[in-house]
There are 2 protein chains.
Amino acid sequence: MTHQATDTKVDYTLEINRTLGSFFDGHITDAKTISPYYEALWLEMKRLIESGGKRLRPKMALLAYGAFGGKDINSILPVAAAQELLHVSMLIHDDIIDRDYIRYGVDNIAGGYDKIYEQFVSDKTDRLHYAHSAALLAGDLLISGSYELILDSGISLEKIVEVQRLFVKGLFEVAGGELLDTESSFREMGAISAETVSQYKTASYTFVAPLVIGATLAGASAESIQYLRTFAENIGIAYQLRDDIIGVFGDELLTGKSSIGDIREGKRTYMIEQFVALATEEQRVTFDHYFGDQSISSEEAEIIKNLLTTSGARQKTEAAIDGYEASAREALGSLEIPDGFSQQLEELIVVATKREK
Amino acid sequence: MTHQATDTKVDYTLEINRTLGSFFDGHITDAKTISPYYEALWLEMKRLIESGGKRLRPKMALLAYGAFGGKDINSILPVAAAQELLHVSMLIHDDIIDRDYIRYGVDNIAGGYDKIYEQFVSDKTDRLHYAHSAALLAGDLLISGSYELILDSGISLEKIVEVQRLFVKGLFEVAGGELLDTESSFREMGAISAETVSQYKTASYTFVAPLVIGATLAGASAESIQYLRTFAENIGIAYQLRDDIIGVFGDELLTGKSSIGDIREGKRTYMIEQFVALATEEQRVTFDHYFGDQSISSEEAEIIKNLLTTSGARQKTEAAIDGYEASAREALGSLEIPDGFSQQLEELIVVATKREK
């Protein structure tokens, strides 16, 4: 690692938001030439994306770009912002399936349209049908929009094609991860490993794609990109395992959500897989009685929590996180990047593995 | 127009299907490395796309390419096939919203998954929820896949970017057209013109984009592309107006579908707009009584049909089709392309304006 002044830590939130803002403003203008009602859909999308989101993926892309010596932040901002569009498109579509109408604490697209259509369509079922239709189109437009933003960036034609291929791969993998995550809740235990789900649903899309895209744009070597990929996969899986532990053992005051939800849902995480492998027959019988039962009480959930602890499943999951963390640190150690950037990647490890909410 | 032998009429169905087939085969292989359950989703998509579809959009792109002297069909086949992927993605997503489970006379993605999940999820509501989730992912993957196929074509980097911009524009316009089409059924009469819906929902996406993309790839001049665009917009709108007439006056034996559907649905077509403008107060009262009433009989539908005829609305719509046809022919006459191709474009006019089903 080479030494360098630590003024490398820049928060690009404003720049990312400005890029997203001008993407939406351009489309709002274009949509208006078609109809004020089409303009309204674009205004809704802009409203939603401005209401929340930590811009984690764009920031990681910019971090990796800087770490490998990239200097022309302006030219790659659209590529970074494209990752937020793709992410939001997935959230909008997820919400349709889950029939959720709130996102970032505000109306999502379907929720917004439920209100817009209220004065025209009095039947609630019909109105939600139309609102979901608008939301579906919004998600489709943002997938296409993510490819468009890459075209609008200042990078070379070769890089456009290279980055789009990484986007294609990212979407291919996250869609697989989402399908498997859904199916793992009802297919036979063991058919779909929690590690595979973590790898494709979380690691690939949230960590690998942004970091690899940033590094690629900075012209990092194939060897460096391989280390970065290993780093990203390991913290991505660790992030998911930590999420699973928090989902059951998390402090509700810190997380702001129920710690019974995952147990009631019968969510088949890595920790649950470990329990199945480690449990005595008696423990398993008790577990099967309560796990996945929508109606269990907090006291009954405590029984499950105790089983996960006494069986050693929780500890085994903590050990797995330690293992992924060690692998991530090893990969990070092999990366020849300035200290300031290295420290920021280390902070990512801490966030992924040690957080409590 | 220059003369040339008329061996220009080639049916590329096989080549288009082969391109689509190898796209799916590649992804089936890649998905299998993630999980057999992800492979299953890609197999379902391949099954659906092989079950139907006339490949109208890819064929028009290849036709325009040939008309402007394009010779390297193989290199642009993926771009042509990409238009079919985009189209099928829209159909899959439409079917989710409409809760349809059949497409091309076979199970669509949600219908296929309803059966795949049958042995695992006994509750029908839950099962359809999961099946819709798979279908949503399938549509998303095919939008992304259409951009991917363009990357995989043998065209230059400049052309890749140029064609992708046309895809972005096509999706932007068709999404607007679909939103307006949906909203026109419940917003106040006149808020959204049927011509705008036709232009964006049908003309832009089905006719303009494929023809302009083909011509662009062949290196047609900006002037030629402008004539082709005018040609495509006019036949596209004429196509939609003919569709609207067939929807009400069509011979059910020829069309294979009810001619009451559009009346019951209260579909606000160009012809209905003409009726509203032309009708006497008395005609309007009768019309409003029956139009859009889900429960009307065939006899009552006949009253509406008679009103559309006697008011002059049907005739006005026929005249509008004639006008669009004349504009399309004029634009075609300005195109300097070999006779064989010119004839095929003329056949498109006939299909658009004169068909009975």
# chains A, B, ... in the order shown; residues from 1 in each chain; ligands from 1
>>> interface_residues(of="chain A", to="chain B", cutoff="7 Å", atoms="only C-alpha atoms", output="tab-separated table (two decimals) with C-alpha atoms, in the first residue's frame")
chain	number	residue	atom	x	y	z
A	38	TYR	CA	-47.21	11.01	-18.56
A	97	ILE	CA	-45.61	-8.14	-5.68
A	120	PHE	CA	-61.61	9.19	-11.00
A	121	VAL	CA	-61.97	5.59	-9.86
A	129	HIS	CA	-55.17	-2.30	-10.39
A	133	SER	CA	-50.05	-0.76	-13.71
A	134	ALA	CA	-48.41	2.67	-13.41
A	137	LEU	CA	-44.31	0.88	-16.09
A	140	ASP	CA	-39.60	-0.87	-16.52
A	141	LEU	CA	-38.69	2.72	-17.37
A	144	SER	CA	-34.21	1.07	-19.33
A	148	GLU	CA	-29.63	5.15	-20.82
A	151	LEU	CA	-25.01	6.01	-22.64
A	157	LEU	CA	-17.64	3.66	-26.29
A	161	VAL	CA	-20.14	-1.61	-23.66
A	168	VAL	CA	-26.53	-7.14	-17.59
A	172	PHE	CA	-29.08	-11.52	-14.28
A	175	ALA	CA	-33.01	-11.76	-10.49
A	176	GLY	CA	-31.72	-15.29	-9.89
A	179	LEU	CA	-36.21	-16.03	-7.43
A	186	PHE	CA	-41.48	-23.21	0.22
A	187	ARG	CA	-39.21	-25.72	-1.53
>>> residues_around(residues="stretch 311-326 of chain A", least_positions_apart="2", cutoff="6 Å", atoms="only C-alpha atoms", output="list of chain:residue names")
A:Asn234, A:Ala238, A:Met271, A:Gln274, A:Phe275, A:Ala279, A:Leu307, A:Leu308, A:Thr309, A:Ala328, A:Arg329
>>> write_last_selection(atoms="C-alpha atoms", output="PDB file, in the first residue's frame")
ATOM      1  CA  ASN A 234     -17.093 -11.908   1.160  1.00  0.00           C
ATOM      2  CA  ALA A 238     -21.183 -11.495   5.677  1.00  0.00           C
ATOM      3  CA  MET A 271     -28.346 -19.739  10.719  1.00  0.00           C
ATOM      4  CA  GLN A 274     -26.890 -24.604  10.787  1.00  0.00           C
ATOM      5  CA  PHE A 275     -29.580 -25.314  13.340  1.00  0.00           C
ATOM      6  CA  ALA A 279     -29.969 -29.830  16.454  1.00  0.00           C
ATOM      7  CA  LEU A 307     -32.778 -23.150  20.504  1.00  0.00           C
ATOM      8  CA  LEU A 308     -30.726 -21.232  17.953  1.00  0.00           C
ATOM      9  CA  THR A 309     -28.287 -20.275  20.715  1.00  0.00           C
ATOM     10  CA  ALA A 328     -12.357  -9.887   2.853  1.00  0.00           C
ATOM     11  CA  ARG A 329      -9.427  -8.467   4.840  1.00  0.00           C
TER      12      ARG A 329
END
>>> select_by_dssp(residues="stretch 66-167 of chain A", states="strand (DSSP E)", output="tab-separated table (two decimals) with N, CA and C atoms, in the first residue's frame")
chain	number	residue	atom	x	y	z
A	102	ILE	N	-45.91	1.81	0.74
A	102	ILE	CA	-45.03	2.78	1.40
A	102	ILE	C	-43.57	2.37	1.15
A	103	ARG	N	-42.72	3.35	0.86
A	103	ARG	CA	-41.29	3.10	0.70
A	103	ARG	C	-40.59	4.37	1.15
A	106	VAL	N	-42.68	7.12	2.67
A	106	VAL	CA	-43.65	7.91	1.89
A	106	VAL	C	-44.39	6.97	0.93
A	107	ASP	N	-45.40	7.50	0.23
A	107	ASP	CA	-46.07	6.69	-0.78
A	107	ASP	C	-45.05	6.23	-1.82
>>> closest_residue(among="B:Glu44, B:Glu300, B:Asp262, B:Asp25", to="B:Phe249", atoms="only C-alpha atoms")
B:Asp262
>>> atom_distance(atom1="atom CA of A:Thr286", atom2="atom CA of A:Gln240")
26.2 Å
>>> atom_distance(atom1="atom CA of B:Ala81", atom2="atom CA of B:Pro58")
5.5 Å
>>> atom_distance(atom1="atom CA of B:Ala40", atom2="atom CA of A:Gly170")
19.0 Å
>>> select_by_dssp(residues="stretch 27-190 of chain B", states="helix (DSSP H, G or I)", output="JSON, numbers by chain")
{"B": [27, 28, 29, 30, 31, 32, 33, 34, 36, 37, 38, 39, 40, 41, 42, 43, 44, 45, 46, 47, 48, 49, 50, 56, 57, 58, 59, 60, 61, 62, 63, 64, 65, 66, 67, 73, 74, 75, 76, 77, 78, 79, 80, 81, 82, 83, 84, 85, 86, 87, 88, 89, 90, 91, 92, 93, 94, 95, 96, 97, 98, 109, 110, 111, 112, 113, 114, 115, 116, 124, 125, 126, 127, 128, 129, 130, 131, 132, 133, 134, 135, 136, 137, 138, 139, 140, 141, 142, 143, 144, 145, 146, 147, 148, 149, 150, 151, 152, 157, 158, 159, 160, 161, 162, 163, 164, 165, 166, 167, 168, 169, 170, 171, 172, 173, 174, 175, 176, 177, 178, 179, 180, 181, 182, 183, 184]}
>>> decode(residues="stretch 85-153 of chain A", atoms="C-alpha atoms", output="short mmCIF file (atom, residue, chain, number, x, y, z; two decimals), in the first residue's frame")
data_model
loop_
_atom_site.label_atom_id
_atom_site.label_comp_id
_atom_site.auth_asym_id
_atom_site.auth_seq_id
_atom_site.Cartn_x
_atom_site.Cartn_y
_atom_site.Cartn_z
CA LEU A 85 -32.02 3.68 -10.81
CA LEU A 86 -31.66 -0.07 -11.25
CA HIS A 87 -31.98 -0.56 -7.50
CA VAL A 88 -35.10 1.60 -7.27
CA SER A 89 -36.64 -0.22 -10.24
CA MET A 90 -36.25 -3.47 -8.30
CA LEU A 91 -37.79 -1.91 -5.17
CA ILE A 92 -40.78 -0.59 -7.14
CA HIS A 93 -41.39 -4.00 -8.68
CA ASP A 94 -40.91 -5.78 -5.34
CA ASP A 95 -43.52 -3.52 -3.80
CA ILE A 96 -46.05 -4.47 -6.50
CA ILE A 97 -45.61 -8.14 -5.68
CA ASP A 98 -45.72 -7.57 -1.94
CA ARG A 99 -48.66 -5.14 -2.27
CA ASP A 100 -46.75 -2.55 -0.25
CA TYR A 101 -47.65 1.09 -0.76
CA ILE A 102 -45.03 2.78 1.40
CA ARG A 103 -41.29 3.10 0.70
CA TYR A 104 -38.79 5.41 2.41
CA GLY A 105 -41.65 6.32 4.73
CA VAL A 106 -43.65 7.91 1.89
CA ASP A 107 -46.07 6.69 -0.78
CA ASN A 108 -44.31 4.52 -3.35
CA ILE A 109 -45.44 4.72 -7.00
CA ALA A 110 -48.53 2.55 -6.50
CA GLY A 111 -49.34 4.41 -3.28
CA GLY A 112 -48.98 7.76 -5.03
CA TYR A 113 -51.21 6.69 -7.92
CA ASP A 114 -53.81 5.29 -5.57
CA LYS A 115 -54.24 8.91 -4.45
CA ILE A 116 -53.94 10.48 -7.92
CA TYR A 117 -56.68 8.19 -9.25
CA GLU A 118 -58.94 8.57 -6.22
CA GLN A 119 -61.18 11.22 -7.79
CA PHE A 120 -61.61 9.19 -11.00
CA VAL A 121 -61.97 5.59 -9.86
CA SER A 122 -64.10 5.00 -6.80
CA ASP A 123 -63.78 1.22 -6.70
CA LYS A 124 -60.71 0.46 -4.57
CA THR A 125 -59.82 -2.82 -6.35
CA ASP A 126 -59.99 -1.17 -9.78
CA ARG A 127 -58.01 1.80 -8.55
CA LEU A 128 -55.20 -0.35 -7.14
CA HIS A 129 -55.17 -2.30 -10.39
CA TYR A 130 -54.49 0.93 -12.31
CA ALA A 131 -52.00 2.12 -9.67
CA HIS A 132 -50.04 -1.13 -9.95
CA SER A 133 -50.05 -0.76 -13.71
CA ALA A 134 -48.41 2.67 -13.41
CA ALA A 135 -45.86 1.28 -10.94
CA LEU A 136 -45.00 -1.59 -13.27
CA LEU A 137 -44.31 0.88 -16.09
CA ALA A 138 -42.21 3.01 -13.72
CA GLY A 139 -39.98 0.05 -12.86
CA ASP A 140 -39.60 -0.87 -16.52
CA LEU A 141 -38.69 2.72 -17.37
CA LEU A 142 -36.01 2.81 -14.68
CA ILE A 143 -34.40 -0.43 -15.87
CA SER A 144 -34.21 1.07 -19.33
CA GLY A 145 -33.16 4.37 -17.74
CA SER A 146 -30.16 2.74 -16.09
CA TYR A 147 -28.86 1.68 -19.52
CA GLU A 148 -29.63 5.15 -20.82
CA LEU A 149 -27.63 6.88 -18.07
CA ILE A 150 -24.62 4.78 -19.05
CA LEU A 151 -25.01 6.01 -22.64
CA ASP A 152 -25.13 9.57 -21.31
CA SER A 153 -21.91 9.29 -19.33
#
